[in-house]
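*Asks:* Data file coords02.txt (compact mmCIF, C-alpha atoms and all ligand atoms) is appended below.
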```
# COMPACT_ATOMS: atom_id res chain seq x y z
CA MET C 1402 -19.63 13.37 3.36
CA THR C 1403 -21.07 12.89 -0.10
CA GLY C 1404 -19.81 10.16 -2.41
CA GLY C 1405 -18.22 8.31 0.51
CA ALA C 1406 -18.68 4.92 -1.17
CA GLY C 1407 -16.59 6.08 -4.11
CA PHE C 1408 -12.86 5.72 -4.57
CA VAL C 1409 -11.54 9.00 -3.10
CA GLY C 1410 -14.48 9.31 -0.70
CA SER C 1411 -13.76 5.95 0.92
CA HIS C 1412 -10.19 7.01 1.65
CA ILE C 1413 -11.32 10.26 3.25
CA ALA C 1414 -13.88 8.28 5.29
CA ALA C 1415 -11.12 5.92 6.47
CA ALA C 1416 -8.85 8.81 7.46
CA LEU C 1417 -11.72 10.49 9.31
CA LEU C 1418 -12.55 7.32 11.25
CA GLU C 1419 -8.89 6.98 12.15
CA SER C 1420 -8.90 10.54 13.50
CA GLY C 1421 -11.83 9.64 15.78
CA ALA C 1422 -14.48 11.62 13.87
CA ARG C 1423 -18.06 10.47 13.48
CA VAL C 1424 -18.78 9.86 9.80
CA ARG C 1425 -22.01 9.94 7.84
CA VAL C 1426 -22.03 9.10 4.14
CA ILE C 1427 -24.66 9.88 1.54
CA ASP C 1428 -24.12 8.02 -1.73
CA ASP C 1429 -26.49 6.84 -4.46
CA LEU C 1430 -24.06 4.07 -5.47
CA SER C 1431 -24.22 5.21 -9.11
CA THR C 1432 -20.45 5.02 -9.44
CA GLY C 1433 -19.47 4.02 -5.88
CA HIS C 1434 -19.72 0.60 -4.20
CA ARG C 1435 -20.81 -0.49 -0.74
CA GLU C 1436 -17.79 -2.85 -0.74
CA ASN C 1437 -15.50 0.19 -0.55
CA LEU C 1438 -16.93 1.05 2.85
CA ASP C 1439 -16.98 -2.59 3.96
CA GLU C 1440 -13.30 -2.73 3.14
CA ILE C 1441 -12.40 0.13 5.51
CA GLY C 1442 -14.54 -1.24 8.34
CA GLY C 1443 -15.51 0.96 11.28
CA SER C 1444 -18.88 2.41 12.03
CA ILE C 1445 -20.32 4.68 9.36
CA ASP C 1446 -23.82 6.08 9.24
CA PHE C 1447 -24.73 5.25 5.62
CA ILE C 1448 -27.60 6.84 3.71
CA GLU C 1449 -28.24 5.42 0.26
CA GLY C 1450 -29.68 8.33 -1.62
CA SER C 1451 -29.15 11.08 -4.13
CA LEU C 1452 -28.40 14.73 -3.46
CA ALA C 1453 -31.39 15.44 -5.71
CA ASP C 1454 -33.62 13.83 -3.05
CA GLU C 1455 -34.47 16.67 -0.65
CA GLY C 1456 -35.41 14.35 2.22
CA ALA C 1457 -32.23 12.28 1.94
CA LEU C 1458 -30.09 15.42 1.75
CA ARG C 1459 -31.81 16.91 4.81
CA ARG C 1460 -31.20 13.71 6.81
CA ALA C 1461 -27.59 13.60 5.64
CA LEU C 1462 -26.90 17.12 6.94
CA GLU C 1463 -28.58 16.79 10.34
CA ASP C 1464 -26.15 17.94 13.07
CA VAL C 1465 -23.26 18.02 10.61
CA GLU C 1466 -20.46 20.56 11.03
CA LEU C 1467 -18.29 19.66 8.09
CA VAL C 1468 -19.01 18.26 4.62
CA PHE C 1469 -16.55 16.62 2.22
CA HIS C 1470 -18.28 16.76 -1.17
CA GLU C 1471 -16.90 13.92 -3.30
CA ALA C 1472 -20.07 12.82 -5.12
CA ALA C 1473 -19.76 13.20 -8.91
CA ILE C 1474 -19.60 11.34 -12.19
CA PRO C 1475 -15.83 11.59 -12.48
CA SER C 1476 -14.90 11.06 -16.10
CA VAL C 1477 -14.05 13.25 -19.08
CA PRO C 1478 -15.13 10.75 -21.80
CA ARG C 1479 -18.33 9.88 -19.95
CA SER C 1480 -19.23 13.57 -19.89
CA VAL C 1481 -18.61 13.76 -23.62
CA ALA C 1482 -20.96 10.79 -24.16
CA ASP C 1483 -23.64 11.98 -21.72
CA PRO C 1484 -23.20 15.65 -20.77
CA ARG C 1485 -26.61 15.93 -19.09
CA ALA C 1486 -25.88 13.18 -16.57
CA THR C 1487 -22.58 14.89 -15.69
CA HIS C 1488 -24.28 18.26 -15.38
CA VAL C 1489 -26.94 16.88 -13.03
CA ALA C 1490 -24.47 14.89 -10.90
CA CYS C 1491 -21.90 17.68 -10.68
CA VAL C 1492 -23.55 21.10 -11.11
CA ASP C 1493 -27.10 20.56 -9.84
CA ALA C 1494 -26.00 18.32 -6.97
CA THR C 1495 -23.31 20.76 -5.81
CA PHE C 1496 -25.76 23.64 -5.91
CA GLU C 1497 -28.39 21.71 -3.88
CA LEU C 1498 -25.77 20.63 -1.38
CA LEU C 1499 -24.43 24.17 -0.84
CA LEU C 1500 -27.91 25.57 -0.49
CA ALA C 1501 -28.93 22.94 2.05
CA ALA C 1502 -25.61 23.29 3.91
CA LYS C 1503 -26.11 27.04 4.26
CA GLU C 1504 -29.69 26.60 5.45
CA ARG C 1505 -28.75 23.94 8.00
CA GLY C 1506 -25.83 25.84 9.52
CA VAL C 1507 -22.98 23.65 8.27
CA ARG C 1508 -19.69 25.38 9.07
CA ARG C 1509 -17.53 24.24 6.17
CA VAL C 1510 -17.80 22.42 2.82
CA ILE C 1511 -14.67 20.98 1.22
CA TYR C 1512 -15.25 20.46 -2.49
CA ALA C 1513 -13.56 17.94 -4.78
CA ALA C 1514 -12.60 20.16 -7.71
CA SER C 1515 -10.69 18.95 -10.74
CA SER C 1516 -7.43 19.80 -12.50
CA SER C 1517 -9.38 19.55 -15.74
CA ALA C 1518 -10.39 23.18 -15.11
CA TYR C 1519 -7.00 24.28 -16.49
CA GLY C 1520 -7.48 22.59 -19.85
CA ASP C 1521 -4.63 23.25 -22.26
CA GLN C 1522 -3.14 26.27 -20.54
CA PRO C 1523 0.31 26.20 -22.14
CA VAL C 1524 2.32 27.14 -19.05
CA LEU C 1525 3.42 24.38 -16.67
CA PRO C 1526 3.17 23.89 -13.77
CA LYS C 1527 -0.43 25.05 -13.46
CA VAL C 1528 -0.97 27.72 -10.83
CA GLU C 1529 -4.30 28.58 -9.22
CA GLU C 1530 -4.34 32.15 -10.58
CA MET C 1531 -4.36 30.95 -14.19
CA ARG C 1532 -7.48 31.55 -16.19
CA PRO C 1533 -9.52 28.33 -16.43
CA ASP C 1534 -9.86 26.77 -19.88
CA PRO C 1535 -12.28 23.84 -19.61
CA LEU C 1536 -12.21 21.48 -22.63
CA SER C 1537 -14.97 19.00 -21.74
CA PRO C 1538 -18.45 19.05 -20.18
CA TYR C 1539 -16.88 17.42 -17.10
CA ALA C 1540 -14.34 20.24 -16.74
CA VAL C 1541 -17.07 22.88 -17.06
CA ALA C 1542 -19.30 21.12 -14.54
CA LYS C 1543 -16.53 20.83 -11.96
CA LEU C 1544 -15.55 24.46 -12.53
CA VAL C 1545 -19.10 25.68 -12.00
CA GLY C 1546 -19.05 23.90 -8.65
CA GLU C 1547 -15.93 25.87 -7.69
CA TYR C 1548 -17.60 29.16 -8.59
CA TYR C 1549 -20.65 28.25 -6.53
CA CYS C 1550 -18.41 27.45 -3.58
CA ARG C 1551 -16.66 30.80 -3.85
CA VAL C 1552 -19.92 32.70 -4.12
CA PHE C 1553 -21.50 30.87 -1.16
CA THR C 1554 -18.51 31.91 0.93
CA ARG C 1555 -18.61 35.54 -0.20
CA VAL C 1556 -22.36 36.05 -0.17
CA TYR C 1557 -23.56 33.76 2.62
CA GLY C 1558 -20.45 33.24 4.76
CA LEU C 1559 -20.50 29.46 4.30
CA GLU C 1560 -16.84 28.39 4.54
CA THR C 1561 -15.73 26.48 1.44
CA LEU C 1562 -12.43 25.22 0.06
CA ALA C 1563 -12.14 23.82 -3.46
CA LEU C 1564 -9.35 21.28 -3.80
CA ARG C 1565 -8.34 20.76 -7.42
CA TYR C 1566 -7.32 17.11 -7.52
CA PHE C 1567 -4.79 16.06 -10.16
CA ASN C 1568 -5.34 12.50 -11.51
CA VAL C 1569 -5.81 10.61 -8.28
CA PHE C 1570 -5.03 6.87 -8.18
CA GLY C 1571 -4.79 4.08 -5.64
CA PRO C 1572 -6.59 1.12 -4.09
CA ARG C 1573 -10.36 0.91 -4.64
CA GLN C 1574 -10.29 2.80 -7.93
CA ASP C 1575 -12.68 0.77 -10.07
CA PRO C 1576 -10.91 -0.57 -13.19
CA THR C 1577 -13.96 -2.17 -14.78
CA SER C 1578 -15.44 0.66 -16.82
CA GLN C 1579 -14.17 2.08 -20.09
CA TYR C 1580 -14.32 5.40 -18.18
CA SER C 1581 -12.04 4.27 -15.35
CA GLY C 1582 -8.82 6.15 -14.57
CA VAL C 1583 -5.85 5.14 -16.70
CA ILE C 1584 -3.75 3.66 -13.88
CA SER C 1585 -6.49 1.28 -12.80
CA ARG C 1586 -7.03 0.30 -16.46
CA PHE C 1587 -3.32 -0.33 -17.09
CA ILE C 1588 -2.87 -2.39 -13.91
CA ALA C 1589 -5.96 -4.49 -14.62
CA ALA C 1590 -4.83 -5.15 -18.21
CA LEU C 1591 -1.26 -6.05 -17.23
CA LEU C 1592 -2.29 -8.37 -14.41
CA MET C 1593 -5.01 -10.08 -16.46
CA GLY C 1594 -2.62 -10.69 -19.36
CA GLU C 1595 -4.47 -8.26 -21.62
CA THR C 1596 -3.22 -5.42 -23.83
CA PRO C 1597 -3.24 -1.91 -22.34
CA VAL C 1598 -4.84 0.70 -24.58
CA ILE C 1599 -3.30 4.16 -25.07
CA PHE C 1600 -5.45 6.88 -26.57
CA GLY C 1601 -3.17 9.05 -28.73
CA ASP C 1602 0.63 8.80 -28.93
CA GLY C 1603 1.12 8.28 -25.18
CA GLU C 1604 3.21 11.44 -24.89
CA GLN C 1605 0.44 13.29 -23.04
CA SER C 1606 1.39 13.76 -19.39
CA ARG C 1607 -0.35 13.79 -16.03
CA ASP C 1608 0.46 14.67 -12.43
CA PHE C 1609 -0.52 11.30 -10.92
CA THR C 1610 -1.33 11.69 -7.24
CA TYR C 1611 -1.64 8.87 -4.73
CA VAL C 1612 -4.95 8.89 -2.90
CA ALA C 1613 -3.51 8.94 0.64
CA ASN C 1614 -2.01 12.36 -0.12
CA VAL C 1615 -5.44 13.61 -1.20
CA ALA C 1616 -7.16 12.22 1.90
CA ARG C 1617 -4.61 13.94 4.15
CA ALA C 1618 -5.06 17.23 2.26
CA ASN C 1619 -8.80 16.98 2.90
CA LEU C 1620 -8.37 16.44 6.62
CA ASN C 1621 -5.99 19.38 6.80
CA ALA C 1622 -8.49 21.48 4.83
CA ALA C 1623 -11.00 20.82 7.59
CA GLU C 1624 -8.73 22.53 10.12
CA THR C 1625 -7.00 25.32 8.23
CA THR C 1626 -7.71 29.01 8.65
CA GLN C 1627 -6.24 29.76 5.21
CA GLY C 1628 -7.59 29.31 1.69
CA ILE C 1629 -11.25 29.77 2.59
CA GLY C 1630 -13.33 30.64 -0.46
CA GLN C 1631 -10.36 29.74 -2.66
CA VAL C 1632 -9.15 27.05 -5.03
CA ILE C 1633 -6.09 24.96 -4.08
CA ASN C 1634 -4.21 22.42 -6.23
CA VAL C 1635 -3.74 19.01 -4.64
CA ALA C 1636 -1.11 17.03 -6.53
CA ASN C 1637 2.18 15.25 -6.47
CA GLY C 1638 3.80 18.13 -8.39
CA GLU C 1639 5.48 15.94 -11.03
CA ARG C 1640 4.67 15.06 -14.61
CA THR C 1641 4.72 11.59 -16.17
CA THR C 1642 3.79 10.66 -19.73
CA LEU C 1643 1.53 7.67 -20.35
CA ASN C 1644 4.39 5.89 -22.15
CA GLU C 1645 6.62 6.39 -19.07
CA LEU C 1646 3.80 5.27 -16.77
CA LEU C 1647 3.31 2.08 -18.74
CA GLU C 1648 7.04 1.30 -18.60
CA ILE C 1649 7.04 1.64 -14.80
CA LEU C 1650 3.95 -0.54 -14.48
CA LYS C 1651 5.36 -3.20 -16.81
CA ARG C 1652 8.41 -3.44 -14.56
CA LEU C 1653 6.39 -3.51 -11.32
CA THR C 1654 3.99 -6.17 -12.60
CA GLY C 1655 6.66 -8.31 -14.30
CA ARG C 1656 5.04 -7.82 -17.73
CA ALA C 1657 8.09 -6.51 -19.61
CA ASP C 1658 6.72 -8.16 -22.75
CA ALA C 1659 3.47 -6.16 -22.85
CA GLN C 1660 2.86 -3.85 -25.83
CA ALA C 1661 0.34 -1.02 -25.90
CA ASP C 1662 -2.50 -0.84 -28.39
CA TYR C 1663 -2.39 2.80 -29.63
CA ARG C 1664 -5.79 4.22 -30.63
CA GLU C 1665 -7.28 7.57 -31.64
CA PRO C 1666 -6.97 10.33 -29.00
CA ARG C 1667 -10.04 11.00 -26.88
CA ALA C 1668 -12.21 14.07 -27.47
CA GLY C 1669 -11.85 16.60 -24.66
CA ASP C 1670 -8.47 15.22 -23.57
CA VAL C 1671 -5.93 17.57 -22.01
CA ARG C 1672 -2.37 17.31 -23.36
CA ASP C 1673 -0.17 18.08 -20.35
CA SER C 1674 -0.93 18.47 -16.69
CA GLN C 1675 1.29 19.29 -13.75
CA ALA C 1676 0.54 21.26 -10.62
CA ASP C 1677 2.28 23.97 -8.74
CA ASN C 1678 1.59 22.84 -5.19
CA ARG C 1679 3.03 25.79 -3.26
CA LEU C 1680 -0.37 27.04 -2.13
CA ALA C 1681 -1.29 23.57 -0.81
CA LYS C 1682 1.95 23.45 1.16
CA GLU C 1683 1.22 26.85 2.65
CA ALA C 1684 -2.52 26.60 3.30
CA LEU C 1685 -2.93 22.84 3.91
CA ASN C 1686 0.51 21.92 5.17
CA TYR C 1687 0.49 19.55 2.18
CA GLN C 1688 3.26 17.01 1.74
CA THR C 1689 3.60 14.13 -0.67
CA LEU C 1690 3.33 11.26 1.81
CA VAL C 1691 3.48 8.60 -0.90
CA GLY C 1692 5.22 9.20 -4.24
CA LEU C 1693 4.32 7.79 -7.65
CA GLU C 1694 6.25 4.52 -7.68
CA GLU C 1695 5.46 3.59 -4.07
CA GLY C 1696 1.79 4.42 -4.74
CA LEU C 1697 1.77 2.25 -7.87
CA GLN C 1698 3.26 -0.65 -5.93
CA ARG C 1699 0.62 -0.31 -3.20
CA THR C 1700 -2.12 -0.19 -5.83
CA ILE C 1701 -0.82 -3.34 -7.54
CA ASP C 1702 -0.59 -5.15 -4.17
CA TRP C 1703 -4.16 -4.15 -3.35
CA TRP C 1704 -5.44 -5.11 -6.80
CA LYS C 1705 -4.03 -8.63 -6.55
CA GLN C 1706 -6.13 -9.43 -3.49
CA SER C 1707 -9.19 -7.39 -4.55
CA ARG C 1708 -12.45 -8.69 -5.96
CA TYR C 1709 -11.35 -7.40 -9.38
CA ALA C 1710 -8.63 -10.06 -9.51
CA GLN C 1711 -11.18 -12.86 -9.12
CA PRO C 1712 -12.49 -14.51 -12.27
CA ASN C 1713 -16.00 -13.25 -13.17
CA ALA C 1714 -15.66 -10.29 -10.76
C1 LIG L 1 -9.37 14.12 -15.67
C2 LIG L 1 -8.73 15.16 -14.77
C3 LIG L 1 -8.57 14.60 -13.36
C4 LIG L 1 -9.85 13.96 -12.88
C5 LIG L 1 -10.34 12.93 -13.89
C6 LIG L 1 -11.65 12.24 -13.53
C7 LIG L 1 -7.20 16.36 -16.27
C8 LIG L 1 -5.79 16.68 -16.57
N1 LIG L 1 -7.40 15.52 -15.26
O1 LIG L 1 -8.48 13.06 -15.80
O2 LIG L 1 -8.19 15.66 -12.49
O3 LIG L 1 -9.53 13.29 -11.71
O4 LIG L 1 -10.55 13.59 -15.11
O5 LIG L 1 -12.38 12.96 -12.69
O6 LIG L 1 -8.11 16.85 -16.88
N2 LIG L 1 -6.13 6.85 -21.23
C9 LIG L 1 -5.52 5.85 -21.98
N3 LIG L 1 -5.96 4.57 -21.83
C10 LIG L 1 -6.96 4.22 -20.96
C11 LIG L 1 -7.58 5.25 -20.21
C12 LIG L 1 -7.12 6.55 -20.36
O7 LIG L 1 -4.63 6.12 -22.78
O8 LIG L 1 -7.30 3.04 -20.88
C13 LIG L 1 -5.60 8.24 -21.37
C14 LIG L 1 -6.62 9.32 -21.53
O9 LIG L 1 -6.95 9.53 -22.89
C15 LIG L 1 -5.88 10.51 -20.91
C16 LIG L 1 -5.02 9.87 -19.81
O10 LIG L 1 -4.95 8.50 -20.14
O11 LIG L 1 -5.00 11.10 -21.85
C17 LIG L 1 -5.66 10.00 -18.43
O12 LIG L 1 -7.03 9.64 -18.53
P1 LIG L 1 -7.93 9.43 -17.24
O13 LIG L 1 -7.24 8.56 -16.27
O14 LIG L 1 -9.29 9.05 -17.71
O15 LIG L 1 -7.96 10.85 -16.56
P2 LIG L 1 -8.07 12.37 -17.17
O16 LIG L 1 -9.13 12.44 -18.19
O17 LIG L 1 -6.71 12.87 -17.47
```
Rewrite the coordinates I just gave you, this time as structure tokens.
Ligand code: UD1
*Replies:*
Amino acid sequence: MTGGAGFVGSHIAAALLESGARVRVIDDLSTGHRENLDEIGGSIDFIEGSLADEGALRRALEDVELVFHEAAIPSVPRSVADPRATHVACVDATFELLLAAKERGVRRVIYAASSSAYGDQPVLPKVEEMRPDPLSPYAVAKLVGEYYCRVFTRVYGLETLALRYFNVFGPRQDPTSQYSGVISRFIAALLMGETPVIFGDGEQSRDFTYVANVARANLNAAETTQGIGQVINVANGERTTLNELLEILKRLTGRADAQADYREPRAGDVRDSQADNRLAKEALNYQTLVGLEEGLQRTIDWWKQSRYAQPNA
């Protein structure tokens, strides 16, 4: 798998090890951390390298049947600040991976696509047939990857599935960057006694999806005979505003007193997001194993004993 030292990647790696699979990870550690793999334990064949490095990519794909492609620079605001880096890490890398996978006889590639592809489509929930409406360089880059997957299936017969993740959260999501996912940022702020920041009025909504659900969807995508060459939403199927999210987290962390610092909305931000997950249920036997509140509690519990809770971490 690519990006296995990242947040989502490390959970897929853990689920694969648990299923008895042999796992090889290629990761350049640009946004991922070796500690994520140390934390899951088990024996992983780790290659530190970039997908732009032909030799590293060739070694990574040797005798591989199945690829989970999680490597990316996963952030809307970071893509606004540095669109080239996002393009290289998402579009170029996906293209090189697909090309090498086809040449080396890989059977299937499962691609981490993004709900950002829908943009501000006014109808909720968002269904796979809707016309994409990317609003940021990140959304475009992830969408291009989907199109490449589809075309590699149609033209070359390489099996691909593109799973459109909706705002994934959980243990091992790095809270330390200004580009980190909102849940990790809120939890870190609340537990460190700091003030959570909300960009905009906080009434924007997201379909927050616990990472274990996403890992399971990936493993099921490895086995399914349906959805090949297609895009499939992977989400909880509910919608929560940031103001509601913060209220839940204040209760779970015992920080009822905390007030948000409201700032200007972010460029490229989507207003509302919620998935129709019927296709995932049908093609991937998808179920929500862990709901929002249970997932938030698990993330808080993990955070408290993580390296991020240590002073100077
Ligand atoms: C987008 C994608 C998601 C993808 C993610 C990164 C959509 C709907 N979702 O997430 O599928 O996984 O990129 O790959 O496009 N915010 C705050 N305070 C903070 C941080 C964020 O208010 O400290 C706000 C943001 O402005 C945004 C919301 O919280 O409105 C969620 O932001 P974030 O967690 O960064 O994810 P998206 O950009 O929604």
*Asks:* Identify, on the basis of all atoms listed in the file, every residue whose closest approach to Leu1591 (chain C) does not exceed 12 Å; exclude the query and any residue fewer than 3 positions from it along the same chain; express the result as a PyMOL selection string.
*Replies:* chain C and resi 1576+1584-1588+1594-1598+1647-1661+1701+1704-1705+1710
*Asks:* Kindly save the residues from that selection, with C-alpha atoms included, as a PDB file, in the coordinates of the input.
*Replies:*
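Ended up saving to result_1.pdb:
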```
ATOM      1  CA  PRO C1576     -10.910  -0.570 -13.190  1.00  0.00           C
ATOM      2  CA  ILE C1584      -3.750   3.660 -13.880  1.00  0.00           C
ATOM      3  CA  SER C1585      -6.490   1.280 -12.800  1.00  0.00           C
ATOM      4  CA  ARG C1586      -7.030   0.300 -16.460  1.00  0.00           C
ATOM      5  CA  PHE C1587      -3.320  -0.330 -17.090  1.00  0.00           C
ATOM      6  CA  ILE C1588      -2.870  -2.390 -13.910  1.00  0.00           C
ATOM      7  CA  GLY C1594      -2.620 -10.690 -19.360  1.00  0.00           C
ATOM      8  CA  GLU C1595      -4.470  -8.260 -21.620  1.00  0.00           C
ATOM      9  CA  THR C1596      -3.220  -5.420 -23.830  1.00  0.00           C
ATOM     10  CA  PRO C1597      -3.240  -1.910 -22.340  1.00  0.00           C
ATOM     11  CA  VAL C1598      -4.840   0.700 -24.580  1.00  0.00           C
ATOM     12  CA  LEU C1647       3.310   2.080 -18.740  1.00  0.00           C
ATOM     13  CA  GLU C1648       7.040   1.300 -18.600  1.00  0.00           C
ATOM     14  CA  ILE C1649       7.040   1.640 -14.800  1.00  0.00           C
ATOM     15  CA  LEU C1650       3.950  -0.540 -14.480  1.00  0.00           C
ATOM     16  CA  LYS C1651       5.360  -3.200 -16.810  1.00  0.00           C
ATOM     17  CA  ARG C1652       8.410  -3.440 -14.560  1.00  0.00           C
ATOM     18  CA  LEU C1653       6.390  -3.510 -11.320  1.00  0.00           C
ATOM     19  CA  THR C1654       3.990  -6.170 -12.600  1.00  0.00           C
ATOM     20  CA  GLY C1655       6.660  -8.310 -14.300  1.00  0.00           C
ATOM     21  CA  ARG C1656       5.040  -7.820 -17.730  1.00  0.00           C
ATOM     22  CA  ALA C1657       8.090  -6.510 -19.610  1.00  0.00           C
ATOM     23  CA  ASP C1658       6.720  -8.160 -22.750  1.00  0.00           C
ATOM     24  CA  ALA C1659       3.470  -6.160 -22.850  1.00  0.00           C
ATOM     25  CA  GLN C1660       2.860  -3.850 -25.830  1.00  0.00           C
ATOM     26  CA  ALA C1661       0.340  -1.020 -25.900  1.00  0.00           C
ATOM     27  CA  ILE C1701      -0.820  -3.340  -7.540  1.00  0.00           C
ATOM     28  CA  TRP C1704      -5.440  -5.110  -6.800  1.00  0.00           C
ATOM     29  CA  LYS C1705      -4.030  -8.630  -6.550  1.00  0.00           C
ATOM     30  CA  ALA C1710      -8.630 -10.060  -9.510  1.00  0.00           C
TER      31      ALA C1710
END
```
*Asks:* Report the distance between CA of Ser1581 (chain C) and CA of Val1569 (chain C) in Å, rounded to one decimal place.
*Replies:*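 CA of Val1569 (chain C) lies at a distance of 11.4 Å from CA of Ser1581 (chain C).
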*Asks:* If you measure from CA of Asn1678 (chain C) to CA of Gly1692 (chain C), what distance in Å do you get, rounded to one decimal?
*Replies:*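 Going from CA of Asn1678 (chain C) over to CA of Gly1692 (chain C) covers 14.1 Å.
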*Asks:* Under the rule that only C-alpha atoms are counted, which of C:Gln1711, C:Asn1637, C:Gln1627, C:Asn1621 is the nearest residue to Asn1686 (chain C)?
*Replies:*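 Residue with the minimum atom-to-atom distance to Asn1686 (chain C): C:Asn1621.
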*Asks:* CA of Gly1571 (chain C) and CA of Glu1695 (chain C), how far apart in Å?
*Replies:*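 Taking CA of Glu1695 (chain C) and CA of Gly1571 (chain C), their separation equals 10.4 Å.
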*Asks:* Can you tell me, as a PyMOL selection string, what residues are no more than 7 Å from Phe1447 (chain C) when counting all atoms listed in the file, ignoring any on the same chain fewer than 5 positions away?
*Replies:* chain C and resi 1425-1427
*Asks:* For ligand LIG 1 (chain L), which of C:Ala1416, C:Leu1690, C:Cys1550, C:Ala1542 is the closest residue, counting only C-alpha atoms and all ligand atoms?
*Replies:*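 Under the stated criterion, the closest residue is C:Ala1542.
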*Asks:* Using all atoms listed in the file, collect all residues at a distance of at most 12 Å from (-1.7, 26.2, 3.6) as written in the file, then present them as a PDB file with C-alpha atoms, in the frame of the given file.
*Replies:*
```pdb
ATOM      1  CA  LEU C1562     -12.430  25.220   0.060  1.00  0.00           C
ATOM      2  CA  LEU C1564      -9.350  21.280  -3.800  1.00  0.00           C
ATOM      3  CA  ALA C1618      -5.060  17.230   2.260  1.00  0.00           C
ATOM      4  CA  ASN C1619      -8.800  16.980   2.900  1.00  0.00           C
ATOM      5  CA  ASN C1621      -5.990  19.380   6.800  1.00  0.00           C
ATOM      6  CA  ALA C1622      -8.490  21.480   4.830  1.00  0.00           C
ATOM      7  CA  ALA C1623     -11.000  20.820   7.590  1.00  0.00           C
ATOM      8  CA  GLU C1624      -8.730  22.530  10.120  1.00  0.00           C
ATOM      9  CA  THR C1625      -7.000  25.320   8.230  1.00  0.00           C
ATOM     10  CA  THR C1626      -7.710  29.010   8.650  1.00  0.00           C
ATOM     11  CA  GLN C1627      -6.240  29.760   5.210  1.00  0.00           C
ATOM     12  CA  GLY C1628      -7.590  29.310   1.690  1.00  0.00           C
ATOM     13  CA  ILE C1629     -11.250  29.770   2.590  1.00  0.00           C
ATOM     14  CA  GLN C1631     -10.360  29.740  -2.660  1.00  0.00           C
ATOM     15  CA  VAL C1632      -9.150  27.050  -5.030  1.00  0.00           C
ATOM     16  CA  ILE C1633      -6.090  24.960  -4.080  1.00  0.00           C
ATOM     17  CA  ASN C1634      -4.210  22.420  -6.230  1.00  0.00           C
ATOM     18  CA  VAL C1635      -3.740  19.010  -4.640  1.00  0.00           C
ATOM     19  CA  ASN C1678       1.590  22.840  -5.190  1.00  0.00           C
ATOM     20  CA  ARG C1679       3.030  25.790  -3.260  1.00  0.00           C
ATOM     21  CA  LEU C1680      -0.370  27.040  -2.130  1.00  0.00           C
ATOM     22  CA  ALA C1681      -1.290  23.570  -0.810  1.00  0.00           C
ATOM     23  CA  LYS C1682       1.950  23.450   1.160  1.00  0.00           C
ATOM     24  CA  GLU C1683       1.220  26.850   2.650  1.00  0.00           C
ATOM     25  CA  ALA C1684      -2.520  26.600   3.300  1.00  0.00           C
ATOM     26  CA  LEU C1685      -2.930  22.840   3.910  1.00  0.00           C
ATOM     27  CA  ASN C1686       0.510  21.920   5.170  1.00  0.00           C
ATOM     28  CA  TYR C1687       0.490  19.550   2.180  1.00  0.00           C
ATOM     29  CA  GLN C1688       3.260  17.010   1.740  1.00  0.00           C
TER      30      GLN C1688
END
```
*Asks:* Which one is closest to Val1615 (chain C): C:Arg1479, C:Arg1459, C:His1412, C:Arg1664? Count only C-alpha atoms.
*Replies:*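 Selected residue with least distance to Val1615 (chain C): C:His1412.
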*Asks:* Quick one: residues within 12 Å of Ser1420 (chain C), only C-alpha atoms, excluding same-chain residues fewer than 4 positions away - as a PyMOL selection string?
*Replies:* chain C and resi 1413-1416+1424+1443+1616-1617+1620-1621
*Asks:* Using only C-alpha atoms, find the one residue out of C:Ala1453, C:Ala1676, C:Val1541, C:Ala1482 that sits nearest to Glu1497 (chain C).
*Replies:* C:Ala1453
*Asks:* Quick one: residues within 7 Å of Ile1511 (chain C), only C-alpha atoms counted, chain neighbours fewer than 6 positions away excluded, as a list of chain:residue names?
*Replies:*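 Final neighbour list, sorted by chain and number: C:Val1468, C:Phe1469, C:His1470, C:Thr1561, C:Leu1562, C:Ala1563.
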*Asks:* For His1488 (chain C), which residue among C:Leu1418, C:Ala1502, C:Leu1525, C:Leu1544 is the nearest when counting only C-alpha atoms?
*Replies:*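 Closest candidate: C:Leu1544.
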*Asks:* Extending 6 Å beyond the listed atoms of region 1430-1443 of chain C on each side, what axis-aligned box results? I want centre and edge lengths in Å to one decimal, as AutoDock Vina command-line options.
*Replies:*
```
--center_x -18.3 --center_y 1.2 --center_z 0.9 --size_x 23.8 --size_y 20.1 --size_z 32.7
```
